[in-house]
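Below: start_10.cif (mmCIF, N, CA and C atoms)
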data_coords
#
loop_
_atom_site.group_PDB
_atom_site.id
_atom_site.type_symbol
_atom_site.label_atom_id
_atom_site.label_comp_id
_atom_site.auth_asym_id
_atom_site.auth_seq_id
_atom_site.Cartn_x
_atom_site.Cartn_y
_atom_site.Cartn_z
ATOM 1 N N MET A 1 15.963 11.492 -40.362
ATOM 2 C CA MET A 1 15.581 12.136 -39.122
ATOM 3 C C MET A 1 16.418 11.565 -37.984
ATOM 4 N N THR A 2 17.034 12.420 -37.261
ATOM 5 C CA THR A 2 17.845 11.980 -36.139
ATOM 6 C C THR A 2 17.088 12.259 -34.851
ATOM 7 N N THR A 3 17.259 11.357 -33.920
ATOM 8 C CA THR A 3 16.626 11.554 -32.625
ATOM 9 C C THR A 3 17.706 11.805 -31.589
ATOM 10 N N THR A 4 17.394 12.664 -30.693
ATOM 11 C CA THR A 4 18.317 12.938 -29.597
ATOM 12 C C THR A 4 17.821 12.218 -28.360
ATOM 13 N N ALA A 5 18.617 12.275 -27.334
ATOM 14 C CA ALA A 5 18.243 11.603 -26.087
ATOM 15 C C ALA A 5 16.974 12.207 -25.502
ATOM 16 N N SER A 6 16.787 13.501 -25.639
ATOM 17 C CA SER A 6 15.602 14.134 -25.072
ATOM 18 C C SER A 6 14.354 13.748 -25.853
ATOM 19 N N ASP A 7 14.487 13.508 -27.175
ATOM 20 C CA ASP A 7 13.334 13.091 -27.963
ATOM 21 C C ASP A 7 12.901 11.676 -27.601
ATOM 22 N N SER A 8 13.827 10.792 -27.347
ATOM 23 C CA SER A 8 13.475 9.410 -27.063
ATOM 24 C C SER A 8 12.923 9.230 -25.657
ATOM 25 N N THR A 9 13.220 10.108 -24.722
ATOM 26 C CA THR A 9 12.716 9.977 -23.364
ATOM 27 C C THR A 9 11.459 10.791 -23.127
ATOM 28 N N ALA A 10 11.071 11.617 -24.068
ATOM 29 C CA ALA A 10 9.898 12.461 -23.872
ATOM 30 C C ALA A 10 8.617 11.659 -23.666
ATOM 31 N N PRO A 11 8.311 10.611 -24.458
ATOM 32 C CA PRO A 11 7.087 9.851 -24.196
ATOM 33 C C PRO A 11 7.109 9.135 -22.854
ATOM 34 N N VAL A 12 8.269 8.670 -22.440
ATOM 35 C CA VAL A 12 8.379 7.984 -21.155
ATOM 36 C C VAL A 12 8.115 8.961 -20.020
ATOM 37 N N GLU A 13 8.700 10.139 -20.109
ATOM 38 C CA GLU A 13 8.495 11.145 -19.067
ATOM 39 C C GLU A 13 7.046 11.595 -19.029
ATOM 40 N N ALA A 14 6.403 11.725 -20.187
ATOM 41 C CA ALA A 14 5.003 12.129 -20.228
ATOM 42 C C ALA A 14 4.114 11.052 -19.623
ATOM 43 N N ALA A 15 4.438 9.793 -19.861
ATOM 44 C CA ALA A 15 3.635 8.706 -19.307
ATOM 45 C C ALA A 15 3.754 8.636 -17.793
ATOM 46 N N HIS A 16 4.948 8.913 -17.260
ATOM 47 C CA HIS A 16 5.144 8.852 -15.825
ATOM 48 C C HIS A 16 4.693 10.122 -15.114
ATOM 49 N N ALA A 17 4.565 11.210 -15.818
ATOM 50 C CA ALA A 17 4.175 12.471 -15.193
ATOM 51 C C ALA A 17 2.730 12.454 -14.743
ATOM 52 N N GLU A 18 1.893 11.620 -15.344
ATOM 53 C CA GLU A 18 0.476 11.619 -14.989
ATOM 54 C C GLU A 18 0.189 10.967 -13.652
ATOM 55 N N HIS A 19 1.091 10.173 -13.115
ATOM 56 C CA HIS A 19 0.848 9.537 -11.824
ATOM 57 C C HIS A 19 1.974 9.781 -10.832
ATOM 58 N N VAL A 20 2.446 10.998 -10.779
ATOM 59 C CA VAL A 20 3.456 11.363 -9.797
ATOM 60 C C VAL A 20 2.773 11.476 -8.447
ATOM 61 N N VAL A 21 3.332 10.785 -7.475
ATOM 62 C CA VAL A 21 2.755 10.767 -6.140
ATOM 63 C C VAL A 21 3.590 11.669 -5.249
ATOM 64 N N GLY A 22 2.911 12.531 -4.515
ATOM 65 C CA GLY A 22 3.612 13.443 -3.624
ATOM 66 C C GLY A 22 4.048 12.777 -2.334
ATOM 67 N N TYR A 23 4.888 13.458 -1.603
ATOM 68 C CA TYR A 23 5.382 12.935 -0.335
ATOM 69 C C TYR A 23 4.266 12.775 0.686
ATOM 70 N N ALA A 24 3.257 13.615 0.605
ATOM 71 C CA ALA A 24 2.162 13.539 1.576
ATOM 72 C C ALA A 24 1.461 12.187 1.509
ATOM 73 N N THR A 25 1.297 11.661 0.313
ATOM 74 C CA THR A 25 0.657 10.352 0.164
ATOM 75 C C THR A 25 1.505 9.267 0.807
ATOM 76 N N PHE A 26 2.814 9.313 0.584
ATOM 77 C CA PHE A 26 3.691 8.317 1.184
ATOM 78 C C PHE A 26 3.715 8.423 2.704
ATOM 79 N N VAL A 27 3.670 9.625 3.221
ATOM 80 C CA VAL A 27 3.647 9.807 4.677
ATOM 81 C C VAL A 27 2.347 9.260 5.255
ATOM 82 N N LYS A 28 1.217 9.520 4.580
ATOM 83 C CA LYS A 28 -0.070 8.989 5.047
ATOM 84 C C LYS A 28 -0.088 7.470 5.030
ATOM 85 N N VAL A 29 0.446 6.871 3.983
ATOM 86 C CA VAL A 29 0.498 5.405 3.906
ATOM 87 C C VAL A 29 1.422 4.861 4.979
ATOM 88 N N TRP A 30 2.554 5.518 5.205
ATOM 89 C CA TRP A 30 3.475 5.071 6.245
ATOM 90 C C TRP A 30 2.817 5.146 7.626
ATOM 91 N N ILE A 31 2.079 6.220 7.890
ATOM 92 C CA ILE A 31 1.368 6.354 9.169
ATOM 93 C C ILE A 31 0.328 5.245 9.308
ATOM 94 N N ALA A 32 -0.380 4.946 8.220
ATOM 95 C CA ALA A 32 -1.358 3.854 8.256
ATOM 96 C C ALA A 32 -0.673 2.522 8.551
ATOM 97 N N LEU A 33 0.497 2.298 7.953
ATOM 98 C CA LEU A 33 1.233 1.060 8.217
ATOM 99 C C LEU A 33 1.688 0.977 9.673
ATOM 100 N N VAL A 34 2.128 2.100 10.229
ATOM 101 C CA VAL A 34 2.546 2.117 11.639
ATOM 102 C C VAL A 34 1.350 1.843 12.546
ATOM 103 N N LEU A 35 0.208 2.454 12.241
ATOM 104 C CA LEU A 35 -0.994 2.228 13.053
ATOM 105 C C LEU A 35 -1.469 0.778 12.952
ATOM 106 N N LEU A 36 -1.427 0.216 11.756
ATOM 107 C CA LEU A 36 -1.831 -1.183 11.599
ATOM 108 C C LEU A 36 -0.861 -2.122 12.314
ATOM 109 N N THR A 37 0.412 -1.771 12.358
ATOM 110 C CA THR A 37 1.377 -2.559 13.126
ATOM 111 C C THR A 37 1.043 -2.476 14.609
ATOM 112 N N GLY A 38 0.654 -1.298 15.076
ATOM 113 C CA GLY A 38 0.220 -1.147 16.468
ATOM 114 C C GLY A 38 -1.004 -1.980 16.781
ATOM 115 N N VAL A 39 -1.937 -2.056 15.834
ATOM 116 C CA VAL A 39 -3.122 -2.899 16.013
ATOM 117 C C VAL A 39 -2.710 -4.361 16.139
ATOM 118 N N LEU A 40 -1.789 -4.797 15.285
ATOM 119 C CA LEU A 40 -1.319 -6.184 15.365
ATOM 120 C C LEU A 40 -0.641 -6.481 16.699
ATOM 121 N N VAL A 41 0.164 -5.559 17.170
ATOM 122 C CA VAL A 41 0.839 -5.751 18.459
ATOM 123 C C VAL A 41 -0.185 -5.796 19.583
ATOM 124 N N ALA A 42 -1.179 -4.914 19.532
ATOM 125 C CA ALA A 42 -2.217 -4.906 20.565
ATOM 126 C C ALA A 42 -3.029 -6.199 20.543
ATOM 127 N N LEU A 43 -3.352 -6.691 19.354
ATOM 128 C CA LEU A 43 -4.109 -7.940 19.258
ATOM 129 C C LEU A 43 -3.286 -9.133 19.733
ATOM 130 N N SER A 44 -1.994 -9.111 19.495
ATOM 131 C CA SER A 44 -1.164 -10.228 19.955
ATOM 132 C C SER A 44 -0.977 -10.202 21.468
ATOM 133 N N ALA A 45 -1.140 -9.027 22.069
ATOM 134 C CA ALA A 45 -1.005 -8.913 23.523
ATOM 135 C C ALA A 45 -2.256 -9.393 24.251
ATOM 136 N N THR A 46 -3.368 -9.540 23.542
ATOM 137 C CA THR A 46 -4.580 -10.043 24.193
ATOM 138 C C THR A 46 -4.403 -11.517 24.507
ATOM 139 N N ARG A 47 -5.200 -11.999 25.398
ATOM 140 C CA ARG A 47 -5.112 -13.403 25.794
ATOM 141 C C ARG A 47 -5.957 -14.308 24.896
ATOM 142 N N SER A 48 -6.567 -13.741 23.871
ATOM 143 C CA SER A 48 -7.409 -14.523 22.969
ATOM 144 C C SER A 48 -6.632 -14.860 21.694
ATOM 145 N N PRO A 49 -6.268 -16.126 21.522
ATOM 146 C CA PRO A 49 -5.540 -16.483 20.305
ATOM 147 C C PRO A 49 -6.413 -16.364 19.052
ATOM 148 N N ASN A 50 -7.724 -16.551 19.194
ATOM 149 C CA ASN A 50 -8.613 -16.411 18.039
ATOM 150 C C ASN A 50 -8.656 -14.969 17.540
ATOM 151 N N LEU A 51 -8.668 -14.034 18.458
ATOM 152 C CA LEU A 51 -8.667 -12.622 18.087
ATOM 153 C C LEU A 51 -7.342 -12.230 17.433
ATOM 154 N N ALA A 52 -6.260 -12.752 17.968
ATOM 155 C CA ALA A 52 -4.938 -12.472 17.383
ATOM 156 C C ALA A 52 -4.838 -13.068 15.982
ATOM 157 N N LEU A 53 -5.370 -14.267 15.790
ATOM 158 C CA LEU A 53 -5.352 -14.898 14.480
ATOM 159 C C LEU A 53 -6.213 -14.122 13.485
ATOM 160 N N LEU A 54 -7.365 -13.671 13.938
ATOM 161 C CA LEU A 54 -8.228 -12.857 13.070
ATOM 162 C C LEU A 54 -7.510 -11.575 12.666
ATOM 163 N N GLY A 55 -6.813 -10.961 13.607
ATOM 164 C CA GLY A 55 -6.042 -9.764 13.284
ATOM 165 C C GLY A 55 -4.960 -10.037 12.258
ATOM 166 N N LEU A 56 -4.281 -11.175 12.418
ATOM 167 C CA LEU A 56 -3.242 -11.540 11.452
ATOM 168 C C LEU A 56 -3.832 -11.768 10.063
ATOM 169 N N LEU A 57 -4.989 -12.409 10.009
ATOM 170 C CA LEU A 57 -5.588 -12.736 8.720
ATOM 171 C C LEU A 57 -6.217 -11.530 8.033
ATOM 172 N N VAL A 58 -6.527 -10.489 8.774
ATOM 173 C CA VAL A 58 -7.161 -9.306 8.182
ATOM 174 C C VAL A 58 -6.162 -8.156 8.018
ATOM 175 N N VAL A 59 -5.404 -7.868 9.059
ATOM 176 C CA VAL A 59 -4.537 -6.692 9.048
ATOM 177 C C VAL A 59 -3.294 -6.908 8.178
ATOM 178 N N THR A 60 -2.725 -8.085 8.225
ATOM 179 C CA THR A 60 -1.503 -8.328 7.456
ATOM 180 C C THR A 60 -1.714 -8.206 5.949
ATOM 181 N N PRO A 61 -2.773 -8.805 5.370
ATOM 182 C CA PRO A 61 -2.994 -8.569 3.933
ATOM 183 C C PRO A 61 -3.298 -7.110 3.608
ATOM 184 N N THR A 62 -3.920 -6.409 4.533
ATOM 185 C CA THR A 62 -4.178 -4.980 4.324
ATOM 186 C C THR A 62 -2.866 -4.212 4.243
ATOM 187 N N LYS A 63 -1.948 -4.523 5.153
ATOM 188 C CA LYS A 63 -0.637 -3.868 5.116
ATOM 189 C C LYS A 63 0.111 -4.221 3.837
ATOM 190 N N ALA A 64 0.054 -5.476 3.447
ATOM 191 C CA ALA A 64 0.743 -5.897 2.220
ATOM 192 C C ALA A 64 0.165 -5.190 0.999
ATOM 193 N N SER A 65 -1.146 -5.030 0.958
ATOM 194 C CA SER A 65 -1.749 -4.350 -0.194
ATOM 195 C C SER A 65 -1.363 -2.875 -0.234
ATOM 196 N N LEU A 66 -1.239 -2.233 0.914
ATOM 197 C CA LEU A 66 -0.775 -0.842 0.930
ATOM 198 C C LEU A 66 0.646 -0.733 0.376
ATOM 199 N N VAL A 67 1.492 -1.668 0.774
ATOM 200 C CA VAL A 67 2.871 -1.653 0.269
ATOM 201 C C VAL A 67 2.870 -1.910 -1.233
ATOM 202 N N PHE A 68 2.112 -2.903 -1.688
ATOM 203 C CA PHE A 68 2.059 -3.209 -3.126
ATOM 204 C C PHE A 68 1.566 -2.016 -3.929
ATOM 205 N N PHE A 69 0.456 -1.424 -3.497
ATOM 206 C CA PHE A 69 -0.180 -0.385 -4.306
ATOM 207 C C PHE A 69 0.569 0.934 -4.297
ATOM 208 N N TYR A 70 1.115 1.332 -3.159
ATOM 209 C CA TYR A 70 1.727 2.657 -3.080
ATOM 210 C C TYR A 70 3.240 2.635 -3.208
ATOM 211 N N PHE A 71 3.928 1.808 -2.418
ATOM 212 C CA PHE A 71 5.385 1.833 -2.452
ATOM 213 C C PHE A 71 5.952 1.096 -3.654
ATOM 214 N N MET A 72 5.213 0.110 -4.171
ATOM 215 C CA MET A 72 5.663 -0.601 -5.366
ATOM 216 C C MET A 72 4.942 -0.090 -6.614
ATOM 217 N N HIS A 73 4.127 0.944 -6.461
ATOM 218 C CA HIS A 73 3.451 1.645 -7.552
ATOM 219 C C HIS A 73 2.550 0.743 -8.393
ATOM 220 N N LEU A 74 1.988 -0.292 -7.801
ATOM 221 C CA LEU A 74 1.096 -1.186 -8.530
ATOM 222 C C LEU A 74 -0.232 -0.500 -8.844
ATOM 223 N N LYS A 75 -0.566 0.506 -8.087
ATOM 224 C CA LYS A 75 -1.815 1.231 -8.303
ATOM 225 C C LYS A 75 -1.867 1.868 -9.694
ATOM 226 N N TYR A 76 -0.728 2.213 -10.234
ATOM 227 C CA TYR A 76 -0.685 2.935 -11.499
ATOM 228 C C TYR A 76 -0.295 2.051 -12.681
ATOM 229 N N GLU A 77 -0.235 0.760 -12.468
ATOM 230 C CA GLU A 77 0.137 -0.160 -13.543
ATOM 231 C C GLU A 77 -1.101 -0.629 -14.298
ATOM 232 N N SER A 78 -0.860 -1.351 -15.362
ATOM 233 C CA SER A 78 -1.950 -1.835 -16.202
ATOM 234 C C SER A 78 -2.719 -2.946 -15.486
ATOM 235 N N THR A 79 -3.910 -3.196 -15.968
ATOM 236 C CA THR A 79 -4.747 -4.237 -15.397
ATOM 237 C C THR A 79 -4.104 -5.611 -15.579
ATOM 238 N N ALA A 80 -3.424 -5.821 -16.677
ATOM 239 C CA ALA A 80 -2.777 -7.111 -16.924
ATOM 240 C C ALA A 80 -1.716 -7.396 -15.868
ATOM 241 N N LEU A 81 -0.921 -6.397 -15.514
ATOM 242 C CA LEU A 81 0.108 -6.596 -14.495
ATOM 243 C C LEU A 81 -0.531 -6.851 -13.130
ATOM 244 N N LYS A 82 -1.593 -6.131 -12.808
ATOM 245 C CA LYS A 82 -2.301 -6.363 -11.549
ATOM 246 C C LYS A 82 -2.847 -7.783 -11.501
ATOM 247 N N PHE A 83 -3.364 -8.261 -12.627
ATOM 248 C CA PHE A 83 -3.901 -9.611 -12.709
ATOM 249 C C PHE A 83 -2.793 -10.642 -12.511
ATOM 250 N N MET A 84 -1.631 -10.413 -13.103
ATOM 251 C CA MET A 84 -0.509 -11.335 -12.942
ATOM 252 C C MET A 84 -0.027 -11.379 -11.491
ATOM 253 N N VAL A 85 -0.001 -10.244 -10.826
ATOM 254 C CA VAL A 85 0.395 -10.217 -9.414
ATOM 255 C C VAL A 85 -0.631 -10.964 -8.571
ATOM 256 N N ALA A 86 -1.912 -10.779 -8.876
ATOM 257 C CA ALA A 86 -2.968 -11.484 -8.141
ATOM 258 C C ALA A 86 -2.851 -12.998 -8.333
ATOM 259 N N ILE A 87 -2.541 -13.426 -9.548
ATOM 260 C CA ILE A 87 -2.359 -14.860 -9.798
ATOM 261 C C ILE A 87 -1.159 -15.395 -9.020
ATOM 262 N N ALA A 88 -0.069 -14.654 -8.996
ATOM 263 C CA ALA A 88 1.120 -15.094 -8.259
ATOM 264 C C ALA A 88 0.825 -15.223 -6.766
ATOM 265 N N ILE A 89 0.078 -14.284 -6.216
ATOM 266 C CA ILE A 89 -0.276 -14.353 -4.797
ATOM 267 C C ILE A 89 -1.215 -15.521 -4.545
ATOM 268 N N ALA A 90 -2.172 -15.755 -5.447
ATOM 269 C CA ALA A 90 -3.094 -16.877 -5.298
ATOM 270 C C ALA A 90 -2.343 -18.212 -5.336
ATOM 271 N N VAL A 91 -1.381 -18.345 -6.234
ATOM 272 C CA VAL A 91 -0.594 -19.578 -6.311
ATOM 273 C C VAL A 91 0.211 -19.762 -5.027
ATOM 274 N N LEU A 92 0.773 -18.692 -4.502
ATOM 275 C CA LEU A 92 1.508 -18.768 -3.245
ATOM 276 C C LEU A 92 0.592 -19.239 -2.113
ATOM 277 N N ILE A 93 -0.608 -18.702 -2.051
ATOM 278 C CA ILE A 93 -1.559 -19.105 -1.007
ATOM 279 C C ILE A 93 -1.935 -20.570 -1.162
ATOM 280 N N ILE A 94 -2.126 -21.017 -2.401
ATOM 281 C CA ILE A 94 -2.459 -22.424 -2.637
ATOM 282 C C ILE A 94 -1.323 -23.329 -2.172
ATOM 283 N N PHE A 95 -0.078 -22.980 -2.521
ATOM 284 C CA PHE A 95 1.048 -23.812 -2.107
ATOM 285 C C PHE A 95 1.216 -23.829 -0.594
ATOM 286 N N ILE A 96 1.018 -22.706 0.046
ATOM 287 C CA ILE A 96 1.105 -22.683 1.509
ATOM 288 C C ILE A 96 -0.008 -23.530 2.106
ATOM 289 N N GLY A 97 -1.212 -23.426 1.551
ATOM 290 C CA GLY A 97 -2.326 -24.250 2.024
ATOM 291 C C GLY A 97 -2.067 -25.730 1.832
ATOM 292 N N LEU A 98 -1.513 -26.113 0.695
ATOM 293 C CA LEU A 98 -1.193 -27.525 0.461
ATOM 294 C C LEU A 98 -0.096 -28.013 1.402
ATOM 295 N N THR A 99 0.853 -27.157 1.721
ATOM 296 C CA THR A 99 1.903 -27.533 2.669
ATOM 297 C C THR A 99 1.321 -27.783 4.040
ATOM 298 N N PHE A 100 0.441 -26.909 4.495
ATOM 299 C CA PHE A 100 -0.188 -27.115 5.797
ATOM 300 C C PHE A 100 -1.086 -28.338 5.790
ATOM 301 N N ALA A 101 -1.790 -28.589 4.686
ATOM 302 C CA ALA A 101 -2.643 -29.777 4.604
ATOM 303 C C ALA A 101 -1.796 -31.042 4.650
ATOM 304 N N ASP A 102 -0.666 -31.047 3.977
ATOM 305 C CA ASP A 102 0.238 -32.196 4.019
ATOM 306 C C ASP A 102 0.755 -32.424 5.430
ATOM 307 N N TYR A 103 1.128 -31.364 6.092
ATOM 308 C CA TYR A 103 1.618 -31.474 7.465
ATOM 309 C C TYR A 103 0.518 -31.968 8.395
ATOM 310 N N TYR A 104 -0.702 -31.502 8.203
ATOM 311 C CA TYR A 104 -1.830 -31.858 9.066
ATOM 312 C C TYR A 104 -2.183 -33.340 8.934
ATOM 313 N N TYR A 105 -2.154 -33.867 7.726
ATOM 314 C CA TYR A 105 -2.589 -35.241 7.502
ATOM 315 C C TYR A 105 -1.476 -36.275 7.616
ATOM 316 N N ARG A 106 -0.297 -35.892 7.989
ATOM 317 C CA ARG A 106 0.781 -36.872 8.205
ATOM 318 C C ARG A 106 0.766 -37.380 9.606
#

How does the structure come out when it is put into structure tokens?
Amino acid sequence: MTTTASDSTAPVEAAHAEHVVGYATFVKVWIALVLLTGVLVALSATRSPNLALLGLLVVTPTKASLVFFYFMHLKYESTALKFMVAIAIAVLIIFIGLTFADYYYR
């Protein structure tokens, strides 16, 4: 039995066809990212550093998750890959926290 190029790519194309995202979804996510950037700019313009910090701690991870899920197509990946990405982000947060703790206690 010989396989042609179209036979070998058929399962791959079928697997990717089930989660094709239209342009409207990308435009909506982009608009959400622009609006969240506007929120961050507005919060940084306030005279309250606590409010600006709260905005950074809430809005920035929200923007990052939108980019991860939609533009990097993590929404359509397996649970194992999502878990590995979550572990990598958790390790990054731990290392950043340890760096700040080291700086604080010196």

Nearest to Thr37 in chain A among A:Leu66, A:Ile94, A:Ala101, A:Val59, with distances taken over all atoms listed in the file: which residue is it? A:Val59

From the set A:Tyr70, A:Leu51, A:Ala64, A:Val41, which residue has the shortest atom-to-atom contact distance to Ala24 in chain A, counting only C-alpha atoms? A:Tyr70

Centre, edges in Å (one decimal): axis-aligned box, range 37-41 of chain A, 3 Å padding on all six sides, as lines of an AutoDock Vina configuration file:
center_x = -0.9
center_y = -3.8
center_z = 16.0
size_x = 10.5
size_y = 11.3
size_z = 13.2

Using Å and a single decimal, report how far atom N of Leu43 in chain A sits from atom N of Gly55 in chain A. 8.0 Å

Can you measure atom N of Leu33 in chain A to CA of Phe69 in chain A for me? One decimal in Å is fine. 12.6 Å

Please, what distance in Å, to one decimal, runs between atom N of Val34 in chain A and CA of Val20 in chain A?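 Straight-line distance from atom N of Val34 in chain A to CA of Val20 in chain A works out to 22.1 Å.
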
Out of range 13-92 of chain A, which residues get alpha helix (DSSP H) from DSSP, as number ranges by chain? A: 13-17, 23-45, 49-66, 79-92
